[in-house]
Amino acid sequence: MEKRCWGGMGIVVMGLFAALHAGAMGATMGAPLDASAAASSTPQTGHIAGHVVDAETMHILAGVGVAIQGTSLEATTDGDGNFEFTNVAVGTYSVRFSYPEVLPLTKTDIIVKSSRTTHLEVEYRLVPAAREEITVSAGYFEESRDQPVSAIGFSSEEIRRAPGSAGDVSRIIFGLPSLGKVDDMMNSLVVRGGSPSENAFFVDNIEVPNINHFPMQGTTGGPIGLLNVDFIEEVSFYSGGFSSVYGDRLSSVMDISYREGNHARHEEKAGLNFAGAQVSAEGPMTSNGSWMLSAQKSYLDLLVDLIGTGAAPRYADAQGKLSISLSDRTKVTVLGLVGIDDYDISQEDAVEDGMDDRVDTQSTEGVVGLNWFQVWGESAYSNTSLSHGFTAYDTEIFRTSDETLSRTNVSSEQHVTLRNVSLVRLGGSHRIRAGAEATWELNDYDLFVAEYTNEMGNVVPASARNVRASESRWSAFAEYGTTILPRLSLNLGLRGDYFSYSDRVHISPRLSLSYALSPRSSVTAAGGLFYQQLPSVLLHRADRFEDLKDPRAYHLVLGFTHLLTPATKLTVEAYDKEYQDMPVDPSLPTMFVFDDLFGWSYTRRTELSDAGRARSRGVELIIQKKLKEKLYGMVSGSWSSSRYKAYDGLWRDRLYDNRYIFSVEGGYKQNQRWEYSMRWIVAGGRPYTPIDVDASAKAGTEILDTGRTNALRMPAYHSLNLRFDRRFYFDRSNLTVFLSVWNAYNRKNVAQYYWNQFERRTDERYQWSIVPVGGLEYEF
């Protein structure tokens, strides 16, 4: 029934696309180009407006030349750093910014829509153009002095159109070589051999603990993204060696900037796709402010009820941003995000699908915060935020075989964070970024685990834990950046962290270097020490865990970049990441606790040791082409090895050690209305521990052959995702229709081998089969 449901949706949407494409082909033979062109004889136009500041000091830049490439339209920023183009023909453009004696900057994928204003907030890095040849090679890639290695950025349009993402910001970066393949059904980020517990997410200088619906407690992963990608202006992703400005994470940081609402007029938007419906609105607020707000509601449960079978998640979310400019140097923004989730599997469905357990779970997650941005004089600025984040879980798990209660988790996690990041340019090439952060946590855990037989066949007695705990984390950081020689730049950072739970202070030095071999090539390096507190839900499983050391990791990254063309860049990086003081469980001496995604809340742990070790090493290559004319894309590949040493002292492959990953993604803009894109990924099979068939049959539950922990590998993973976009421009509104086909050739990728207790045999669970994901967005 489920396959017929997906197939029916696919036929309808693909039929619509066939009709639309036939109309476009007919236009070449004298027929109207499309409905939007036929609706009005007046050419559809929109506007581009923006604001330009110095990327280093955030000071207003007047006199910047602004040109829309491919047209004769040019302008210059005024005394407030503003510019505007009116009556620009609808379509996709590149906008070039230039300033006397510095390198130009080019912003690609600027979409102009009918009767709407596209607003650009431009941070222009003023890099001296010492020679003419440098000017020729620069512009499409914005290099960061603060993060010269392991950094990549995506614009709002690159985020929106990514195939295989379904508007999920985490899935957008799945094509990067630093990301391991976990499971199509989850968007958990496994970065350079780490785990989903090792990543941080920031939105407008506010840390968001988890950016997903149905968040996995103790990690940053989940199945469905929470953020509205239409609100995102840009994303910066740092996969290693990141600045001392960020802490309490071992692997990566994703820094997300939300755009501001329209300052000139009110605009509304409605969207509909395979999973749910979304509405949003934005507009001006007085003469110096703006707002935007969106709400989303899933309806997968209604489709399942209609066909009368299965279970589906139910979720909803709301988010918004308020921006007020108190002066040309002071801005206050308010951010709010909230998600509500519910998932209930019936006993009948659990038995039919061969599940050992059935789940009834509800969760609520979100954050609300205020950020104060202040420019000080001509050479300094600061960002100060105050936020409250919260997550609540209410979960019951029942054994399918006899419907008895197996586990419960009623818990809430709250934190209040005060964060400041400031920059001062001292003169010449010298600059300092510094700041501090304080977080107060209040956590409530009511956890129950019934007696069960663990992976080794040992009976684990029932346990209950009811804890209300408060704790705090304090940090201070500073980073000095300068240009030592004309071609050599350096960043030297230091961070101090205090975790009240363990009552320990950690000092983390960081260093990064960049040396320009030529106007088109450079070599980079970064290294440092990184600490992270264990997830609170794990620490509070037993009082004695306060004696555990906090995990740490040493990063070393070496890189080489070369501009093949002004719009195409080659990056090669090699890395080594060494973990120490990792938690391991004496009762499961071959397992690695950090890779147990579901065990934070639902595994009874009374003893842990910090004797664990791990290491990840690899080489990555990326060739990225920005949209200059009709083509854009990225080719990437990596080879890596990720291993751990558990309580028994033996080294084994970590759970997400793919060894090799190769991906190709890109797109073609046929014209201003049609766009086609694709992503193909192939990855080595993940390690897994085989099931002990005889022991499982005897015990009536899954028992692993722990003597061969992670000794076998699943078949290689590969999948092709396709996407087609069709834009319609009307006099005062716009319509975008899209179809994305996931796993287009229906590859049967294994997600898990498990013990089927009803058929008493080893069975397989597969990742997604072919799935058509269609939808539309109407702006008015």
# chains A, B, ... in the order shown; residues from 1 in each chain; ligands from 1
call {"tool": "select_by_dssp", "arguments": {"residues": "region 669-728 of chain A", "states": "strand (DSSP E)", "output": "ChimeraX atom specification"}}
result
/A:669,674-683,687-688,712-713,717-728
call {"tool": "write_last_selection", "arguments": {"atoms": "C-alpha atoms", "output": "short mmCIF file (atom, residue, chain, number, x, y, z; two decimals), in the first residue's frame"}}
result
data_model
loop_
_atom_site.label_atom_id
_atom_site.label_comp_id
_atom_site.auth_asym_id
_atom_site.auth_seq_id
_atom_site.Cartn_x
_atom_site.Cartn_y
_atom_site.Cartn_z
CA LYS A 669 19.77 26.19 -16.02
CA TRP A 674 13.69 25.55 -16.27
CA GLU A 675 16.42 24.05 -14.10
CA TYR A 676 17.65 20.45 -13.78
CA SER A 677 19.95 19.11 -11.05
CA MET A 678 21.27 15.81 -9.70
CA ARG A 679 23.39 14.23 -6.96
CA TRP A 680 25.02 10.80 -7.12
CA ILE A 681 26.84 9.37 -4.10
CA VAL A 682 28.75 6.12 -3.73
CA ALA A 683 30.31 5.09 -0.43
CA PRO A 687 31.20 -1.93 9.49
CA TYR A 688 28.75 -4.06 11.44
CA LEU A 712 32.14 -7.32 8.61
CA ARG A 713 30.97 -4.65 6.19
CA TYR A 717 26.06 2.39 -0.75
CA HIS A 718 25.08 4.32 -3.86
CA SER A 719 22.09 6.44 -4.79
CA LEU A 720 21.05 8.93 -7.48
CA ASN A 721 18.83 11.92 -6.68
CA LEU A 722 17.27 14.01 -9.46
CA ARG A 723 15.47 17.34 -9.30
CA PHE A 724 13.52 19.46 -11.78
CA ASP A 725 12.39 23.04 -11.13
CA ARG A 726 9.93 25.10 -13.18
CA ARG A 727 9.35 28.81 -12.41
CA PHE A 728 6.31 30.84 -13.43
#
call {"tool": "residues_around", "arguments": {"residues": "Arg425 (chain A)", "least_positions_apart": "5", "cutoff": "7 Å", "atoms": "only C-alpha atoms", "output": "PyMOL selection string"}}
result
chain A and resi 379-380+430-432
call {"tool": "closest_residue", "arguments": {"among": "A:Glu451, A:Glu84, A:Glu101, A:Glu702", "to": "Tyr602 (chain A)", "atoms": "only C-alpha atoms"}}
result
A:Glu451
call {"tool": "residues_around", "arguments": {"residues": "Glu121 (chain A)", "least_positions_apart": "5", "cutoff": "10 Å", "atoms": "only C-alpha atoms", "output": "short mmCIF file (atom, residue, chain, number, x, y, z; two decimals) with N, CA, C and O atoms, in the first residue's frame"}}
result
data_model
loop_
_atom_site.label_atom_id
_atom_site.label_comp_id
_atom_site.auth_asym_id
_atom_site.auth_seq_id
_atom_site.Cartn_x
_atom_site.Cartn_y
_atom_site.Cartn_z
N ALA A 49 17.84 45.15 -4.07
CA ALA A 49 18.32 46.18 -3.16
C ALA A 49 19.28 45.53 -2.18
O ALA A 49 19.24 44.32 -1.95
N GLY A 50 20.14 46.34 -1.58
CA GLY A 50 21.10 45.74 -0.67
C GLY A 50 21.86 46.74 0.16
O GLY A 50 21.67 47.96 0.05
N HIS A 51 22.71 46.18 0.97
CA HIS A 51 23.50 46.95 1.93
C HIS A 51 24.89 46.33 1.99
O HIS A 51 25.02 45.11 2.12
N VAL A 52 25.94 47.12 1.89
CA VAL A 52 27.32 46.62 1.83
C VAL A 52 28.10 47.13 3.03
O VAL A 52 28.08 48.34 3.33
N VAL A 53 28.79 46.21 3.71
CA VAL A 53 29.64 46.57 4.84
C VAL A 53 30.99 45.88 4.69
O VAL A 53 31.14 44.90 3.96
N ASN A 82 23.92 51.63 1.01
CA ASN A 82 22.78 51.03 0.34
C ASN A 82 22.86 51.19 -1.18
O ASN A 82 23.46 52.14 -1.69
N GLU A 233 19.97 32.87 4.77
CA GLU A 233 20.72 33.69 3.83
C GLU A 233 21.98 32.98 3.36
O GLU A 233 22.30 32.97 2.18
N ARG A 259 18.22 35.60 6.97
CA ARG A 259 18.07 36.90 6.31
C ARG A 259 17.08 37.76 7.10
O ARG A 259 16.46 37.30 8.06
N GLU A 260 16.91 38.99 6.68
CA GLU A 260 15.91 39.86 7.26
C GLU A 260 14.67 39.87 6.39
O GLU A 260 14.72 39.56 5.20
#
call {"tool": "select_by_dssp", "arguments": {"residues": "region 154-338 of chain A", "states": "alpha helix (DSSP H)", "output": "number ranges by chain"}}
result
A: 156-160, 169-172, 300-307
call {"tool": "write_last_selection", "arguments": {"atoms": "C-alpha atoms", "output": "PDB file, in the first residue's frame"}}
result
ATOM      1  CA  SER A 156      20.383  30.704  -0.047  1.00  0.00           C
ATOM      2  CA  GLU A 157      19.652  29.569  -3.619  1.00  0.00           C
ATOM      3  CA  GLU A 158      22.275  26.804  -3.479  1.00  0.00           C
ATOM      4  CA  ILE A 159      20.535  25.585  -0.339  1.00  0.00           C
ATOM      5  CA  ARG A 160      17.012  25.742  -1.798  1.00  0.00           C
ATOM      6  CA  VAL A 169      19.787  22.078   5.710  1.00  0.00           C
ATOM      7  CA  SER A 170      21.664  19.054   7.107  1.00  0.00           C
ATOM      8  CA  ARG A 171      20.959  16.939   4.018  1.00  0.00           C
ATOM      9  CA  ILE A 172      22.171  19.753   1.768  1.00  0.00           C
ATOM     10  CA  LEU A 300       1.739  12.367   6.141  1.00  0.00           C
ATOM     11  CA  ASP A 301      -0.565  10.942   8.815  1.00  0.00           C
ATOM     12  CA  LEU A 302      -3.623  11.981   6.766  1.00  0.00           C
ATOM     13  CA  LEU A 303      -2.280  10.132   3.717  1.00  0.00           C
ATOM     14  CA  VAL A 304      -1.632   7.029   5.797  1.00  0.00           C
ATOM     15  CA  ASP A 305      -5.144   7.219   7.297  1.00  0.00           C
ATOM     16  CA  LEU A 306      -6.570   7.599   3.805  1.00  0.00           C
ATOM     17  CA  ILE A 307      -4.989   4.392   2.548  1.00  0.00           C
TER      18      ILE A 307
END
call {"tool": "closest_residue", "arguments": {"among": "A:Gly427, A:Gly685, A:Gly247, A:Gly221", "to": "Ile507 (chain A)", "atoms": "only C-alpha atoms"}}
result
A:Gly247
call {"tool": "atom_distance", "arguments": {"atom1": "CA of Asn658 (chain A)", "atom2": "CA of Arg686 (chain A)"}}
result
5.2 Å
call {"tool": "closest_residue", "arguments": {"among": "A:Phe214, A:Phe242, A:Phe373, A:Tyr753", "to": "Asp342 (chain A)", "atoms": "only C-alpha atoms"}}
result
A:Phe214
call {"tool": "residues_around", "arguments": {"residues": "Leu548 (chain A)", "least_positions_apart": "5", "cutoff": "9 Å", "atoms": "only C-alpha atoms", "output": "number ranges by chain"}}
result
A: 502, 539, 581, 583, 608-610
call {"tool": "residues_around", "arguments": {"residues": "region 65-70 of chain A", "least_positions_apart": "6", "cutoff": "9 Å", "atoms": "only C-alpha atoms", "output": "ChimeraX atom specification"}}
result
/A:76-77,83,93-100
call {"tool": "write_last_selection", "arguments": {"atoms": "N, CA and C atoms", "output": "PDB file, in the first residue's frame"}}
result
ATOM      1  N   THR A  76      26.063  52.626  -7.440  1.00  0.00           N
ATOM      2  CA  THR A  76      27.104  52.851  -6.439  1.00  0.00           C
ATOM      3  C   THR A  76      26.431  52.980  -5.081  1.00  0.00           C
ATOM      4  N   THR A  77      27.022  52.361  -4.048  1.00  0.00           N
ATOM      5  CA  THR A  77      26.421  52.450  -2.715  1.00  0.00           C
ATOM      6  C   THR A  77      26.487  53.884  -2.207  1.00  0.00           C
ATOM      7  N   PHE A  83      22.231  50.284  -1.892  1.00  0.00           N
ATOM      8  CA  PHE A  83      22.080  50.388  -3.342  1.00  0.00           C
ATOM      9  C   PHE A  83      20.739  49.772  -3.738  1.00  0.00           C
ATOM     10  N   TYR A  93      20.712  36.047 -11.786  1.00  0.00           N
ATOM     11  CA  TYR A  93      21.818  36.941 -12.128  1.00  0.00           C
ATOM     12  C   TYR A  93      23.010  36.706 -11.202  1.00  0.00           C
ATOM     13  N   SER A  94      24.157  37.241 -11.642  1.00  0.00           N
ATOM     14  CA  SER A  94      25.331  37.402 -10.801  1.00  0.00           C
ATOM     15  C   SER A  94      25.555  38.900 -10.622  1.00  0.00           C
ATOM     16  N   VAL A  95      25.835  39.317  -9.382  1.00  0.00           N
ATOM     17  CA  VAL A  95      26.051  40.730  -9.080  1.00  0.00           C
ATOM     18  C   VAL A  95      27.498  40.915  -8.641  1.00  0.00           C
ATOM     19  N   ARG A  96      28.187  41.854  -9.289  1.00  0.00           N
ATOM     20  CA  ARG A  96      29.603  42.081  -9.036  1.00  0.00           C
ATOM     21  C   ARG A  96      29.791  43.373  -8.237  1.00  0.00           C
ATOM     22  N   PHE A  97      30.624  43.288  -7.179  1.00  0.00           N
ATOM     23  CA  PHE A  97      30.925  44.430  -6.328  1.00  0.00           C
ATOM     24  C   PHE A  97      32.407  44.778  -6.491  1.00  0.00           C
ATOM     25  N   SER A  98      32.699  46.063  -6.631  1.00  0.00           N
ATOM     26  CA  SER A  98      34.084  46.490  -6.813  1.00  0.00           C
ATOM     27  C   SER A  98      34.345  47.746  -5.993  1.00  0.00           C
ATOM     28  N   TYR A  99      35.609  47.867  -5.590  1.00  0.00           N
ATOM     29  CA  TYR A  99      36.025  48.988  -4.747  1.00  0.00           C
ATOM     30  C   TYR A  99      37.459  49.327  -5.136  1.00  0.00           C
ATOM     31  N   PRO A 100      37.823  50.586  -5.117  1.00  0.00           N
ATOM     32  CA  PRO A 100      39.158  50.967  -5.585  1.00  0.00           C
ATOM     33  C   PRO A 100      40.278  50.206  -4.876  1.00  0.00           C
TER      34      PRO A 100
END
call {"tool": "residues_around", "arguments": {"residues": "region 623-640 of chain A", "least_positions_apart": "3", "cutoff": "9 Å", "atoms": "only C-alpha atoms", "output": "tab-separated table (two decimals) with C-alpha atoms, in the first residue's frame"}}
result
chain	number	residue	atom	x	y	z
A	93	TYR	CA	21.82	36.94	-12.13
A	94	SER	CA	25.33	37.40	-10.80
A	108	THR	CA	25.91	34.33	-7.83
A	109	ASP	CA	22.41	32.83	-7.90
A	140	TYR	CA	33.36	34.00	-6.90
A	141	PHE	CA	34.76	32.42	-3.72
A	175	GLY	CA	27.62	15.52	-0.85
A	176	LEU	CA	30.71	16.80	0.98
A	177	PRO	CA	33.59	14.30	1.28
A	178	SER	CA	33.91	14.97	5.03
A	192	ARG	CA	35.50	12.99	9.55
A	193	GLY	CA	34.87	9.78	11.44
A	564	LEU	CA	41.08	26.39	-11.99
A	565	THR	CA	38.95	29.23	-13.37
A	567	ALA	CA	34.36	30.31	-10.91
A	568	THR	CA	35.93	26.87	-10.29
A	569	LYS	CA	38.05	25.93	-7.28
A	570	LEU	CA	40.04	22.79	-6.43
A	571	THR	CA	40.61	21.94	-2.76
A	572	VAL	CA	42.65	19.03	-1.39
A	616	SER	CA	40.38	9.41	12.16
A	617	ARG	CA	42.68	10.04	9.21
A	618	GLY	CA	41.88	10.83	5.62
A	619	VAL	CA	42.36	12.74	2.40
A	620	GLU	CA	39.59	14.77	0.70
A	657	ASP	CA	33.90	4.15	8.75
A	658	ASN	CA	32.94	4.20	5.04
A	659	ARG	CA	36.61	4.21	3.93
A	660	TYR	CA	35.78	5.80	0.56
A	661	ILE	CA	33.16	8.31	-0.59
A	662	PHE	CA	32.66	9.77	-4.06
A	663	SER	CA	29.93	12.17	-5.14
A	664	VAL	CA	28.94	14.20	-8.17
A	665	GLU	CA	26.29	16.88	-7.98
A	666	GLY	CA	25.35	19.82	-10.13
A	667	GLY	CA	22.76	21.45	-12.29
A	668	TYR	CA	21.90	23.08	-15.58
A	669	LYS	CA	19.77	26.19	-16.02
A	670	GLN	CA	18.20	25.75	-19.44
A	671	ASN	CA	16.72	29.25	-19.23
A	677	SER	CA	19.95	19.11	-11.05
